[in-house]
Amino acid sequence: MPPIKKWGGAMRDPEFHDATGVLSELGDETYALLDAHGVVMGLSPGAERLLGYTAQEVRGWRGIDLLHHRSDPSGLVRRCRAGGEIQLGPAVLRHRSGHGIEVTLQARAMVSTGGDSQWLIQAMDSDGTRRHELGEALLRGLFTESPFLIDVFDRQLRFVAQNDAQRRATGFASKEFTGHTMSEVAPSGLLDMEALAARQRQVLETGKALIQTEVRGRTPDDPDREHVWSESILPLRNRAGEVIALAHTVADVTERARARERLALVNDASTRIGTTLDVLQTAQELVDVAVPQFADHAYVDLPAPVLGGEEPVTGPLGADLPLRRAASANVLEGPADSVVAPGDADPFTSGPASLFTRALMSGEPLLLTGEELLEELTPVDPRRAALVHEYGVHSWLLVPMAARGGVLGAVVFVRFRRAHGFEADDVPLAREIVARAAVCIDNARRYTRERFTALALQRSLLPQQLPVLGAVEAASRYLPASGHTVLGGAWFDVIPLSGARVALVVGDVMGHGLHAAVTMGRLRTAVRTLADLDLSPDELLAHLDDQAGRFQDEHGEGLTGRAAGTTCLYAVFDPVSLRCVLARAGHPPPVLASGDGKIEVLDLPGGPPLGHGGPPFECGEVTLADGDLLVLYSDALVTSQDQSVDTGLSRLREALSDPRLAPAAEPSRPGPGLDGVCDAVLGRLLPNRPQDDVALLLARVRGLDPDRHATWELVPEPEAVAEARTCATRKLTEWGLENLEFTTELVVSELVTNAIRYGSPPIRLRMIRDRSLICEVSDGSSTSPHIRRALEADEGGRGLFMVAKLTQLWGTRYHARGKTLWAEQPFSGGPDGDAVLFPMDAEWDIEDL
């Protein structure tokens with residue numbers, strides 16, 4: 001019941017002066033004023049509207065006359081005469097029209113200023129009663145039973161009221177707060193009082209509530225841990241809408257905030273761990289996530305096999321397999337982990353009694369206090385124990401790391417800077433983070449193993465080292481494609497041929513991965529096999545095209561069924577004539593960097609890629625000079641997603657035009673080697689990792705000096721055999737190779753005899769002194785010679801057999817006007833060695849010949 005306004009400004013509740021004036025101010029409230037005898041003295045405007053009577057009409061009536069005839073007036077009168085403030089309960093009032101009005105009556109005894117006893121009767125309908133009860137229940141719930149902390153402040157930010165929960169809170173129970181500000185009564189260090197006052201003033205000035213503001217602070221009973229409260233500041237307004245006070249509601253959401261922080265840490269770990277397929281990088285990402293959000297210091301120890309990409313350990317770790325430091329992180333000004341350097345073995349992890357061994361065998365985390373850690377650490381690692389004591393480590397958590405049934409290692413989290421140690425809820429959080437990292441590390445380990453395997457396969461398929469040749473100085477580079485795919489289909493080769501000639505090859509199989517690598521390996525082998533037949537470049541590519549088609553027919557889309565679309569460039573350089581013959585199958589043309597500084601892209605006939613069919617391949621020919629540089633490359637060197645072929649070739653010419661890459665004119669001041677040119681070209685054209693694998697082959701040609709080869713025209717008569725032997729012996733004497741005279745005479749005799757007997761003019765003998773002694777006999781016939789084993793009674797048929805026995809290599813190559821039989825004899829001990837390959841005092845069995 002609202003307080004009654006008294007005439008004269010006094011607020012003395014028992015007094016009442018003028019019923020008519022006061023009742024008129026009650027507005028919609030339904031009140032009736034009765035004297036001591038129960039006679040109606042007046043009605044409020046609300047009561048007039050409720051009953052349909054005016055106050056003038058009912059003045060002088062008995063109060064019971066306003067009740068419906070079915071009501072019990074005697075009971076109401078007895079309860080009213082009891083005095084004080086009385087709940088009279090339900091009643092039925094009589095409306096002017098005669099119908100009843102169900103209400104709840106409340107009586108209050110009063111004394112007028114003249115000393116007369118009076119009653120103020122309030123009637124509330126059922127809705128009003130429910131609202132009244134609801135309001136009382138709301139106030140009672142908020143201020144006596146609510147678990148939330150509720151404060152009410154006036155405009156001067158002084159306490160007006162607190163609910164019981166706030167008064168029960170630590171630090172407020174024994175303090176008188178009414179009339180004081182929060183900063184005057186709150187425990188020291190609880191909150192940032194200046195920030196609180198600023199928020200209160202903001203609500204007072206704007207009239208807008210601040211809802212669920214998170215406030216952090218510490219409580220006197222738990223000063224080492226930060227607590228989080230959700231604070232709402234609500235403006236309280238009078239009927240005119242003016243803010244006259246502030247209501248605070250505060251809830252402790254510390255656990256909810258910690259759960260949210262743990263979830264955020266797990267989400268952070270999911271996004272930040274495993275960004276690469278590198279074991280060490282993944283381990284470092286793990287500790288970087290943990291420090292400083294979860295721990296002050298963290299490190300990861302892994303077995304050496306895992307670091308190398310091998311399978312994880314399935315049995316217990318013993319003294320023979322300690323863990324090695326993979327990654328570590330510290331808070332600022334924290335202890336640097338100087339005891340165990342990255343990559344070093346951690347002595348604390350080895351031994352059957354080690355904490356690590358026990359934890360890894362059980363698979364369960366291990367949480368120790370600082371004292372427990374010192375007990376375990378001091379006997380095995382005093383230096384680290386001293387470090388633990390120096391920095392005040394008070395909480396140590398070891399979490400095993402495992403994936404797919406194998407032990408990957410362990411992660412250790414340490415707290416020494418923050419006062420609070422790890423709790424029970426922190427252990428599953430640590431396990432969740434480590435489990436996520438374990439999957440990433442295992443994936444990185446498997447990728448490392450597969451990458452090592454792929455690189456080994458790639459190295460085995462490509463030349464391990466280029467041959468050292470007198471006619472060509474070569475250098476090469478191979479760059480795998482960026483990303484996860486290491487294997488590619490690009491290859492290069494340098495193949496020594498007969499007659500001191502050299503074949504240069506660059507090819508590229510479409511696609512990536514194992515299929516492309518295996519196809520490349522088979523095609524490279526096919527090229528070397530075909531090169532041994534001394535085919536011309538166009539013929540070789542034609543045979544290689546047939547082979548690519550057979551791969552497709554035999555294997556479909558299998559490991560070697562993707563040869564279709566392969567590009568290839570095959571070039572043969574002859575150091576005697578300085579001619580280079582080239583043919584290409586869908587491959588970009590080579591670039592020629594002449595010794596005079598001219599850079600040009602060779603204009604060669606094009607051809608379709610291998611396996612696609614089409615017109616026959618054609619050869620192009622160019623005459624080179626000493627010091628000229630041929631640049632052969634795969635397509636990825638000059639093309640990319642943002643670069644056309646023309647742009648790439650232009651950049652390649654610019655790179656080769658750099659004066660710093662040109663060979664020096666003075667021998668005393670040599671220019672950069674071909675390796676330096678390779679690096680410069682790749683650095684200029686490929687600043688980033690390429691999207692496709694790149695093969696680059698540089699070949700600087702050198703012609704054979706005139707005094708290192710000789711040619712004789714022979715008449716097709718038997719007497720020419722003796723002349724050929726004489727010419728060969730004389731040339732060997734000039735070259736200082738007398739030790740090879742006997743075998744050379746035999747070889748020359750047999751080859752010339754074979755040409756005279758089975759060939760046709762013209763017959764030509766040529767001797768070349770290169771890395772070995774080469775004897776060649778050419779004739780105009782295309783008949784194919786064969787070795788056969790002669791019987792004892794046969795007078796002939798042993799010539800080529802003897803040549804094969806006496807020489808290191810021999811063979812036949814065909815050309816447009818006949819064939820050439822050739823044989824090579826190595827220099828024993830070097831070009832001018834004097835060891836005899838075929839000792840003259842040896843006794844030969846007829847079966848050997």
# chains A, B, ... in the order shown; residues from 1 in each chain; ligands from 1
>>> residues_around(residues="stretch 234-242 of chain A", least_positions_apart="4", cutoff="9 Å", atoms="only C-alpha atoms", output="number ranges by chain")
A: 203-204, 207-211, 246-249
>>> write_last_selection(atoms="N, CA, C and O atoms", output="PDB file, in the first residue's frame")
ATOM      1  N   VAL A 203      25.728   5.361 -17.853  1.00  0.00           N
ATOM      2  CA  VAL A 203      24.308   5.009 -17.835  1.00  0.00           C
ATOM      3  C   VAL A 203      23.479   6.177 -17.339  1.00  0.00           C
ATOM      4  O   VAL A 203      22.384   6.445 -17.843  1.00  0.00           O
ATOM      5  N   LEU A 204      23.974   6.910 -16.338  1.00  0.00           N
ATOM      6  CA  LEU A 204      23.241   8.072 -15.836  1.00  0.00           C
ATOM      7  C   LEU A 204      23.087   9.129 -16.922  1.00  0.00           C
ATOM      8  O   LEU A 204      22.038   9.775 -17.044  1.00  0.00           O
ATOM      9  N   GLY A 207      21.174   7.170 -20.172  1.00  0.00           N
ATOM     10  CA  GLY A 207      19.929   6.474 -19.898  1.00  0.00           C
ATOM     11  C   GLY A 207      19.836   5.119 -20.560  1.00  0.00           C
ATOM     12  O   GLY A 207      18.768   4.486 -20.541  1.00  0.00           O
ATOM     13  N   LYS A 208      20.927   4.636 -21.137  1.00  0.00           N
ATOM     14  CA  LYS A 208      20.946   3.338 -21.788  1.00  0.00           C
ATOM     15  C   LYS A 208      21.649   2.315 -20.903  1.00  0.00           C
ATOM     16  O   LYS A 208      22.730   2.596 -20.364  1.00  0.00           O
ATOM     17  N   ALA A 209      21.046   1.171 -20.782  1.00  0.00           N
ATOM     18  CA  ALA A 209      21.604   0.135 -19.918  1.00  0.00           C
ATOM     19  C   ALA A 209      22.855  -0.476 -20.542  1.00  0.00           C
ATOM     20  O   ALA A 209      22.993  -0.561 -21.764  1.00  0.00           O
ATOM     21  N   LEU A 210      23.754  -0.881 -19.686  1.00  0.00           N
ATOM     22  CA  LEU A 210      24.928  -1.665 -20.091  1.00  0.00           C
ATOM     23  C   LEU A 210      24.674  -3.105 -19.653  1.00  0.00           C
ATOM     24  O   LEU A 210      24.577  -3.394 -18.464  1.00  0.00           O
ATOM     25  N   ILE A 211      24.554  -4.000 -20.636  1.00  0.00           N
ATOM     26  CA  ILE A 211      24.144  -5.364 -20.361  1.00  0.00           C
ATOM     27  C   ILE A 211      25.330  -6.305 -20.488  1.00  0.00           C
ATOM     28  O   ILE A 211      26.060  -6.282 -21.486  1.00  0.00           O
ATOM     29  N   LEU A 246      20.345   3.701 -10.083  1.00  0.00           N
ATOM     30  CA  LEU A 246      20.931   2.650 -10.908  1.00  0.00           C
ATOM     31  C   LEU A 246      20.803   1.314 -10.187  1.00  0.00           C
ATOM     32  O   LEU A 246      20.998   1.235  -8.975  1.00  0.00           O
ATOM     33  N   ALA A 247      20.488   0.296 -10.952  1.00  0.00           N
ATOM     34  CA  ALA A 247      20.445  -1.058 -10.409  1.00  0.00           C
ATOM     35  C   ALA A 247      21.550  -1.876 -11.060  1.00  0.00           C
ATOM     36  O   ALA A 247      21.682  -1.897 -12.290  1.00  0.00           O
ATOM     37  N   HIS A 248      22.353  -2.545 -10.219  1.00  0.00           N
ATOM     38  CA  HIS A 248      23.423  -3.418 -10.695  1.00  0.00           C
ATOM     39  C   HIS A 248      23.011  -4.860 -10.472  1.00  0.00           C
ATOM     40  O   HIS A 248      22.533  -5.220  -9.385  1.00  0.00           O
ATOM     41  N   THR A 249      23.206  -5.688 -11.492  1.00  0.00           N
ATOM     42  CA  THR A 249      23.094  -7.137 -11.303  1.00  0.00           C
ATOM     43  C   THR A 249      24.430  -7.746 -11.708  1.00  0.00           C
ATOM     44  O   THR A 249      24.949  -7.454 -12.797  1.00  0.00           O
TER      45      THR A 249
END
>>> closest_atom_pairs(of="stretch 521-591 of chain A", to="stretch 608-619 of chain A", cutoff="12 Å", atoms="only C-alpha atoms", output="JSON lines")
{"residue": "A:Leu523", "atom": "CA", "partner": "A:Leu610", "partner_atom": "CA", "distance": 10.4}
{"residue": "A:Leu535", "atom": "CA", "partner": "A:Cys619", "partner_atom": "CA", "distance": 12.0}
{"residue": "A:Ser536", "atom": "CA", "partner": "A:Cys619", "partner_atom": "CA", "distance": 8.4}
{"residue": "A:Pro537", "atom": "CA", "partner": "A:Cys619", "partner_atom": "CA", "distance": 6.7}
{"residue": "A:Asp538", "atom": "CA", "partner": "A:Phe617", "partner_atom": "CA", "distance": 5.2}
{"residue": "A:Glu539", "atom": "CA", "partner": "A:Phe617", "partner_atom": "CA", "distance": 7.7}
{"residue": "A:Leu540", "atom": "CA", "partner": "A:Phe617", "partner_atom": "CA", "distance": 9.4}
{"residue": "A:Leu541", "atom": "CA", "partner": "A:Phe617", "partner_atom": "CA", "distance": 7.1}
{"residue": "A:Ala542", "atom": "CA", "partner": "A:Phe617", "partner_atom": "CA", "distance": 6.8}
{"residue": "A:His543", "atom": "CA", "partner": "A:Leu610", "partner_atom": "CA", "distance": 9.9}
{"residue": "A:Leu544", "atom": "CA", "partner": "A:Leu610", "partner_atom": "CA", "distance": 7.3}
{"residue": "A:Asp545", "atom": "CA", "partner": "A:Leu610", "partner_atom": "CA", "distance": 4.8}
{"residue": "A:Asp546", "atom": "CA", "partner": "A:Gly611", "partner_atom": "CA", "distance": 7.0}
{"residue": "A:Gln547", "atom": "CA", "partner": "A:Gly611", "partner_atom": "CA", "distance": 8.1}
{"residue": "A:Ala548", "atom": "CA", "partner": "A:Gly611", "partner_atom": "CA", "distance": 5.2}
{"residue": "A:Gly549", "atom": "CA", "partner": "A:Gly611", "partner_atom": "CA", "distance": 5.0}
{"residue": "A:Arg550", "atom": "CA", "partner": "A:Gly611", "partner_atom": "CA", "distance": 8.7}
{"residue": "A:Phe551", "atom": "CA", "partner": "A:Gly611", "partner_atom": "CA", "distance": 9.0}
{"residue": "A:Gln552", "atom": "CA", "partner": "A:Gly611", "partner_atom": "CA", "distance": 8.1}
{"residue": "A:Asp553", "atom": "CA", "partner": "A:Gly611", "partner_atom": "CA", "distance": 10.5}
{"residue": "A:Gly561", "atom": "CA", "partner": "A:Gly611", "partner_atom": "CA", "distance": 10.3}
{"residue": "A:Arg562", "atom": "CA", "partner": "A:Gly611", "partner_atom": "CA", "distance": 9.2}
{"residue": "A:Ala563", "atom": "CA", "partner": "A:Gly611", "partner_atom": "CA", "distance": 6.7}
{"residue": "A:Ala564", "atom": "CA", "partner": "A:Gly611", "partner_atom": "CA", "distance": 4.3}
{"residue": "A:Gly565", "atom": "CA", "partner": "A:Pro609", "partner_atom": "CA", "distance": 5.0}
{"residue": "A:Thr566", "atom": "CA", "partner": "A:Leu610", "partner_atom": "CA", "distance": 5.2}
{"residue": "A:Thr567", "atom": "CA", "partner": "A:Pro609", "partner_atom": "CA", "distance": 5.0}
{"residue": "A:Cys568", "atom": "CA", "partner": "A:Pro609", "partner_atom": "CA", "distance": 7.5}
{"residue": "A:Leu569", "atom": "CA", "partner": "A:Pro609", "partner_atom": "CA", "distance": 10.3}
{"residue": "A:Tyr570", "atom": "CA", "partner": "A:Cys619", "partner_atom": "CA", "distance": 9.6}
{"residue": "A:Ala571", "atom": "CA", "partner": "A:Cys619", "partner_atom": "CA", "distance": 9.2}
{"residue": "A:Val572", "atom": "CA", "partner": "A:Cys619", "partner_atom": "CA", "distance": 10.6}
{"residue": "A:Cys580", "atom": "CA", "partner": "A:Cys619", "partner_atom": "CA", "distance": 10.1}
{"residue": "A:Val581", "atom": "CA", "partner": "A:Cys619", "partner_atom": "CA", "distance": 6.5}
{"residue": "A:Leu582", "atom": "CA", "partner": "A:Cys619", "partner_atom": "CA", "distance": 5.5}
{"residue": "A:Ala583", "atom": "CA", "partner": "A:Cys619", "partner_atom": "CA", "distance": 4.7}
{"residue": "A:Arg584", "atom": "CA", "partner": "A:Phe617", "partner_atom": "CA", "distance": 7.4}
{"residue": "A:Ala585", "atom": "CA", "partner": "A:Pro609", "partner_atom": "CA", "distance": 4.8}
{"residue": "A:Gly586", "atom": "CA", "partner": "A:Pro609", "partner_atom": "CA", "distance": 4.4}
{"residue": "A:His587", "atom": "CA", "partner": "A:Pro609", "partner_atom": "CA", "distance": 7.4}
{"residue": "A:Pro588", "atom": "CA", "partner": "A:Pro609", "partner_atom": "CA", "distance": 10.9}
>>> select_by_dssp(residues="stretch 312-463 of chain A", states="strand (DSSP E)", output="MDAnalysis selection string")
chainID A and resid 323:330 366:369 395:403 406:415
>>> select_by_dssp(residues="stretch 275-489 of chain A", states="helix (DSSP H, G or I)", output="ChimeraX atom specification")
/A:279-290,304-307,347-349,355-362,370-377,382-391,426-461
>>> atom_distance(atom1="atom CA of A:Ala329", atom2="atom CA of A:Gln293")
11.8 Å
>>> residues_around(residues="A:Leu34", least_positions_apart="5", cutoff="12 Å", atoms="only C-alpha atoms", output="VMD selection string")
chain A and resid 19 to 20 39 to 43 55 58 to 64 66 77 80 to 81 107 to 112 116 to 122
>>> write_last_selection(atoms="C-alpha atoms", output="CSV table (one decimal), in the first residue's frame")
chain,number,residue,atom,x,y,z
A,19,ALA,CA,-10.2,12.3,3.6
A,20,THR,CA,-11.7,14.1,0.6
A,39,VAL,CA,-19.9,4.5,8.1
A,40,VAL,CA,-18.5,5.6,4.7
A,41,MET,CA,-16.8,8.9,4.7
A,42,GLY,CA,-15.6,9.0,1.1
A,43,LEU,CA,-14.5,7.1,-2.0
A,55,ALA,CA,-18.6,9.6,-3.1
A,58,VAL,CA,-22.6,6.7,-0.5
A,59,ARG,CA,-21.4,9.1,2.2
A,60,GLY,CA,-23.2,8.1,5.4
A,61,TRP,CA,-23.8,4.6,4.2
A,62,ARG,CA,-22.7,1.7,6.3
A,63,GLY,CA,-19.7,0.0,4.8
A,64,ILE,CA,-21.5,-3.4,4.8
A,66,LEU,CA,-21.5,-1.8,-0.3
A,77,VAL,CA,-16.4,-6.6,10.5
A,80,CYS,CA,-11.5,-5.2,10.5
A,81,ARG,CA,-12.0,-4.5,14.3
A,107,ALA,CA,-8.0,-2.7,5.8
A,108,ARG,CA,-5.7,-0.3,7.6
A,109,ALA,CA,-6.5,1.3,10.9
A,110,MET,CA,-5.7,5.1,11.0
A,111,VAL,CA,-6.2,8.0,13.4
A,112,SER,CA,-7.3,11.4,12.1
A,116,ASP,CA,-10.8,9.8,15.6
A,117,SER,CA,-10.3,6.2,14.7
A,118,GLN,CA,-10.8,5.4,11.0
A,119,TRP,CA,-10.3,2.6,8.5
A,120,LEU,CA,-8.8,2.9,5.0
A,121,ILE,CA,-10.2,0.0,3.0
A,122,GLN,CA,-8.5,-0.9,-0.3
>>> closest_residue(among="A:Ala456, A:Met401, A:Leu629, A:Leu696", to="A:Lys598", atoms="only C-alpha atoms")
A:Leu629
>>> closest_residue(among="A:Asn739, A:Asn330, A:Ser577, A:Ser778", to="A:Thr753", atoms="only C-alpha atoms")
A:Ser778
>>> residues_around(residues="stretch 503-506 of chain A", least_positions_apart="5", cutoff="8 Å", atoms="only C-alpha atoms", output="number ranges by chain")
A: 490-497, 531, 568-573, 632-634, 695-697
>>> residues_around(residues="stretch 764-772 of chain A", least_positions_apart="3", cutoff="8 Å", atoms="only C-alpha atoms", output="ChimeraX atom specification")
/A:469-470,499-500,708-714,724,728,752,775-779,824-827,831
>>> atom_distance(atom1="atom CA of A:Ala516", atom2="atom CA of A:Arg449")
19.6 Å
>>> closest_residue(among="A:Ala345, A:Leu682, A:Leu630, A:Leu397", to="A:Glu364", atoms="only C-alpha atoms")
A:Leu397
